[in-house]
Structures are given as structure tokens and as C-alpha cells.
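Trainee: Just so it is clear, I am handing over input_4.cif, which has mmCIF, C-alpha atoms; chains and numbers go by the auth columns.
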data_upload
loop_
_atom_site.group_PDB
_atom_site.id
_atom_site.type_symbol
_atom_site.label_atom_id
_atom_site.label_comp_id
_atom_site.label_asym_id
_atom_site.label_seq_id
_atom_site.Cartn_x
_atom_site.Cartn_y
_atom_site.Cartn_z
_atom_site.B_iso_or_equiv
_atom_site.auth_seq_id
_atom_site.auth_asym_id
ATOM 1 C CA MET A 1 111.675 92.657 48.102 0.00 1 S
ATOM 2 C CA LYS A 2 109.660 95.122 50.148 0.00 2 S
ATOM 3 C CA THR A 3 107.012 96.984 48.170 0.00 3 S
ATOM 4 C CA SER A 4 104.933 99.940 49.297 0.00 4 S
ATOM 5 C CA MET A 5 102.669 102.450 47.613 0.00 5 S
ATOM 6 C CA ARG A 6 101.582 105.991 48.404 0.00 6 S
ATOM 7 C CA ILE A 7 98.558 107.734 46.975 0.00 7 S
ATOM 8 C CA CYS A 8 98.211 111.507 46.775 0.00 8 S
ATOM 9 C CA VAL A 9 95.409 113.162 48.744 0.00 9 S
ATOM 10 C CA GLY A 10 96.073 116.707 47.535 0.00 10 S
ATOM 11 C CA SER A 11 93.206 118.881 46.300 0.00 11 S
ATOM 12 C CA ASP A 12 93.437 117.822 42.619 0.00 12 S
ATOM 13 C CA CYS A 13 93.703 114.111 43.412 0.00 13 S
ATOM 14 C CA ARG A 14 90.935 114.284 46.015 0.00 14 S
ATOM 15 C CA LYS A 15 88.502 115.070 43.204 0.00 15 S
ATOM 16 C CA HIS A 16 88.877 111.442 42.070 0.00 16 S
ATOM 17 C CA LYS A 17 87.557 109.812 45.254 0.00 17 S
ATOM 18 C CA LYS A 18 86.002 106.848 43.459 0.00 18 S
ATOM 19 C CA CYS A 19 89.238 106.056 41.594 0.00 19 S
ATOM 20 C CA ASN A 20 91.242 106.400 44.807 0.00 20 S
ATOM 21 C CA ARG A 21 88.932 103.967 46.625 0.00 21 S
ATOM 22 C CA GLU A 22 89.160 101.457 43.769 0.00 22 S
ATOM 23 C CA ILE A 23 92.964 101.682 43.710 0.00 23 S
ATOM 24 C CA LEU A 24 93.115 101.152 47.484 0.00 24 S
ATOM 25 C CA ALA A 25 90.745 98.164 47.361 0.00 25 S
ATOM 26 C CA LEU A 26 92.840 96.540 44.630 0.00 26 S
ATOM 27 C CA ILE A 27 96.334 97.194 46.026 0.00 27 S
ATOM 28 C CA GLU A 28 95.945 97.069 49.849 0.00 28 S
ATOM 29 C CA PRO A 29 95.827 93.252 50.107 0.00 29 S
ATOM 30 C CA HIS A 30 99.220 93.040 48.349 0.00 30 S
ATOM 31 C CA CYS A 31 101.329 95.811 49.861 0.00 31 S
ATOM 32 C CA ARG A 32 101.317 98.611 52.396 0.00 32 S
ATOM 33 C CA VAL A 33 99.477 101.716 51.163 0.00 33 S
ATOM 34 C CA GLU A 34 99.856 105.185 52.694 0.00 34 S
ATOM 35 C CA THR A 35 98.740 108.679 51.747 0.00 35 S
ATOM 36 C CA MET A 36 100.976 111.603 50.830 0.00 36 S
ATOM 37 C CA LYS A 37 100.551 115.345 50.401 0.00 37 S
ATOM 38 C CA CYS A 38 100.342 117.059 47.018 0.00 38 S
ATOM 39 C CA GLN A 39 103.317 116.433 44.736 0.00 39 S
ATOM 40 C CA ASP A 40 102.815 119.579 42.601 0.00 40 S
ATOM 41 C CA PHE A 41 102.346 117.703 39.324 0.00 41 S
ATOM 42 C CA CYS A 42 98.897 116.341 40.053 0.00 42 S
ATOM 43 C CA LYS A 43 96.787 115.041 37.249 0.00 43 S
ATOM 44 C CA GLY A 44 95.063 112.673 39.608 0.00 44 S
ATOM 45 C CA PRO A 45 95.064 110.165 40.955 0.00 45 S
ATOM 46 C CA VAL A 46 98.834 110.169 41.499 0.00 46 S
ATOM 47 C CA VAL A 47 100.592 107.173 43.066 0.00 47 S
ATOM 48 C CA ARG A 48 104.163 106.320 43.986 0.00 48 S
ATOM 49 C CA VAL A 49 105.261 102.692 44.043 0.00 49 S
ATOM 50 C CA ARG A 50 108.436 101.783 45.856 0.00 50 S
ATOM 51 C CA HIS A 51 110.264 98.503 45.173 0.00 51 S
ATOM 52 C CA GLY A 52 113.235 98.441 47.532 0.00 52 S
ATOM 53 C CA ASN A 53 115.103 101.693 46.787 0.00 53 S
ATOM 54 C CA GLN A 54 113.458 102.308 43.400 0.00 54 S
ATOM 55 C CA ARG A 55 110.586 104.820 43.359 0.00 55 S
ATOM 56 C CA THR A 56 108.230 105.070 40.390 0.00 56 S
ATOM 57 C CA TRP A 57 105.559 107.758 40.009 0.00 57 S
ATOM 58 C CA PHE A 58 102.357 107.447 37.984 0.00 58 S
ATOM 59 C CA GLN A 59 99.533 109.897 37.267 0.00 59 S
ATOM 60 C CA LYS A 60 96.014 109.623 35.816 0.00 60 S
ATOM 61 C CA ILE A 61 95.426 106.106 37.162 0.00 61 S
ATOM 62 C CA ARG A 62 91.732 106.232 36.287 0.00 62 S
ATOM 63 C CA GLY A 63 90.619 103.287 34.173 0.00 63 S
ATOM 64 C CA LYS A 64 90.013 99.683 35.155 0.00 64 S
ATOM 65 C CA LYS A 65 92.724 98.403 32.795 0.00 65 S
ATOM 66 C CA LEU A 66 95.242 100.920 34.117 0.00 66 S
ATOM 67 C CA ARG A 67 94.506 99.873 37.702 0.00 67 S
ATOM 68 C CA ALA A 68 95.055 96.229 36.714 0.00 68 S
ATOM 69 C CA ASP A 69 98.374 97.235 35.099 0.00 69 S
ATOM 70 C CA LEU A 70 99.328 99.046 38.315 0.00 70 S
ATOM 71 C CA LEU A 71 98.607 95.898 40.332 0.00 71 S
ATOM 72 C CA ARG A 72 100.781 93.863 37.944 0.00 72 S
ATOM 73 C CA PHE A 73 103.556 96.429 38.424 0.00 73 S
ATOM 74 C CA VAL A 74 103.239 96.237 42.220 0.00 74 S
ATOM 75 C CA LEU A 75 103.407 92.438 42.168 0.00 75 S
ATOM 76 C CA ASP A 76 105.920 91.741 39.366 0.00 76 S
ATOM 77 C CA CYS A 77 107.551 95.086 38.371 0.00 77 S
ATOM 78 C CA GLU A 78 106.043 94.490 34.932 0.00 78 S
ATOM 79 C CA THR A 79 105.250 97.703 33.031 0.00 79 S
ATOM 80 C CA SER A 80 102.628 97.728 30.264 0.00 80 S
ATOM 81 C CA PRO A 81 102.613 100.317 27.447 0.00 81 S
ATOM 82 C CA ARG A 82 99.559 101.956 29.073 0.00 82 S
ATOM 83 C CA LEU A 83 101.358 102.270 32.388 0.00 83 S
ATOM 84 C CA LYS A 84 104.491 103.653 30.684 0.00 84 S
ATOM 85 C CA LYS A 85 102.378 106.541 29.355 0.00 85 S
ATOM 86 C CA ALA A 86 101.176 107.283 32.902 0.00 86 S
ATOM 87 C CA ARG A 87 104.710 107.295 34.322 0.00 87 S
ATOM 88 C CA VAL A 88 106.070 110.598 35.643 0.00 88 S
ATOM 89 C CA ARG A 89 109.686 111.597 35.905 0.00 89 S
ATOM 90 C CA LYS A 90 110.261 113.094 39.336 0.00 90 S
ATOM 91 C CA LYS A 91 113.399 113.643 41.350 0.00 91 S
ATOM 92 C CA SER A 92 113.456 111.549 44.503 0.00 92 S
#
Could you rewrite the structure in this file as C-alpha cells?
Mentor:
Amino acid sequence: MKTSMRICVGSDCRKHKKCNREILALIEPHCRVETMKCQDFCKGPVVRVRHGNQRTWFQKIRGKKLRADLLRFVLDCETSPRLKKARVRKKS
């Protein structure tokens, strides 16, 4: 299954440069990562993970444990309770 991720680089998410760099360093070896414009619900950093046709949005990916949960989701589609709280409902 083809997996890709996009990370927001809008003005609110750009404030979290260190978190964005850490997310990129963790995820880039495992899937393609691109940037995207502001999604108008930013509580940054905001990421979108795409597994095939399924798109999942997350916000406030700031802590080390949450980044590890995001990596697990990218690799195995496994969602932890912490990651469920960060999930955002957004129309595709």
C-alpha cells in the first residue's frame, strides 16, 4: 500500500519549526513527505497521512511520544489513544 504524508507550512504551523524538523527526520526514511499550504484549522504542527485512498489529519503533533505514535500509524495504520485525540475531522 502506498503511503505518503504532508506537513503544513502555514503561518501557525511554521512557528513549530523544531517539531516540524523532528517529524520530517523521523518519517522521511519510511514514506514520501511533502509540504502543503495552510488548512485553516491549524493548531500546529498539522500533518496529513494518506494510506491508499484514505486520508487522516492530525494536529498538535508536538511531543516525542506523539511523534512515535505517528510513525507507528504511518507504518502499520495503528492508532494509539494519544493519536486519536490529535485526529481532526476534515472533508477531503
Trainee: Find the spatial neighbours of Gly52 in chain S, counting all atoms listed in the file, within a cut-off of 12 Å - ignore same-chain residues fewer than 5 positions away - and output them as a list in words.
Mentor: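 Counting all atoms listed in the file, the residues come to Met1, Lys2, Thr3, Ser4, Met5, Val74 and Cys77 of chain S.
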Trainee: Please write the residues picked by the PyMOL selection byres ((chain S and resi 30) around 12) on this file as a list in words.
Mentor: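 Applying the PyMOL selection byres ((chain S and resi 30) around 12) to the structure shown produces Lys2, Thr3, Ser4, Met5, Ile23, Leu24, Ala25, Leu26, Ile27, Glu28, Pro29, Cys31, Arg32, Val33, Leu70, Leu71, Arg72, Phe73, Val74, Leu75 and Asp76 of chain S.
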Trainee: On this file, the PyMOL selection byres ((chain S and resi 86) around 8) gives some set of residues; write that set as a ChimeraX atom specification.
Mentor: /S:58-61,82-85,87-88
Trainee: Suppose you want the space between CA of Thr35 in chain S and CA of Arg6 in chain S; what is it in Å?
Mentor: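 Distance between the two atoms: 5.1 Å.
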Trainee: Between S:Thr56, S:Val9, S:Arg21, S:Leu66, which is the closest to Gly44 in chain S once you count all atoms listed in the file?
Mentor: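 Checking each of S:Thr56, S:Val9, S:Arg21, S:Leu66 against Gly44 in chain S, counting all atoms listed in the file, the winner is S:Val9.
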Trainee: Expressed in Å to a single decimal, how great is the separation between CA of Cys38 in chain S and CA of Glu78 in chain S?
Mentor: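 Between CA of Cys38 in chain S and CA of Glu78 in chain S the gap works out to 26.2 Å.
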Trainee: Please work out which residues fall within 12 Å of (91.9, 120.0, 43.4), coordinates as given in the file, with only C-alpha atoms counting, and return them as JSON, numbers by chain.
Mentor: {"S": [8, 9, 10, 11, 12, 13, 14, 15, 16, 17, 38, 40, 41, 42, 43, 44, 45]}
Trainee: Distance CA of Lys65 in chain S-CA of Arg48 in chain S, one decimal place?
Mentor: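 Value for the CA of Lys65 in chain S-CA of Arg48 in chain S distance: 17.9 Å.
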Trainee: Would you compute an axis-aligned box for range 74-78 of chain S, covering every atom listed for it in the file with 5 Å of margin on each side, and report centre and edge lengths in Å to one decimal as lines of an AutoDock Vina configuration file?
Mentor:
center_x = 105.4
center_y = 94.0
center_z = 38.6
size_x = 14.3
size_y = 14.5
size_z = 17.3
Trainee: Would you mind telling me which residue in S:Lys37, S:Arg89, S:Lys64, S:His51 lies nearest to Lys18 in chain S when using only C-alpha atoms?
Mentor: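 Closest residue, counting only C-alpha atoms: S:Lys64.
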Trainee: Looking at all atoms listed in the file, which of S:Val46, S:Ile7, S:Glu22, S:Met36 is the one that sits closest to Gly63 in chain S?
Mentor: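 Closest candidate: S:Glu22.
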Trainee: Give the answer as one residue: which of S:Arg50, S:Arg55, S:Ser80, S:Glu34 has the shortest atom-to-atom distance to Ala68 in chain S, using all atoms listed in the file?
Mentor: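 With all atoms listed in the file as the atom set, the closest residue is S:Ser80.
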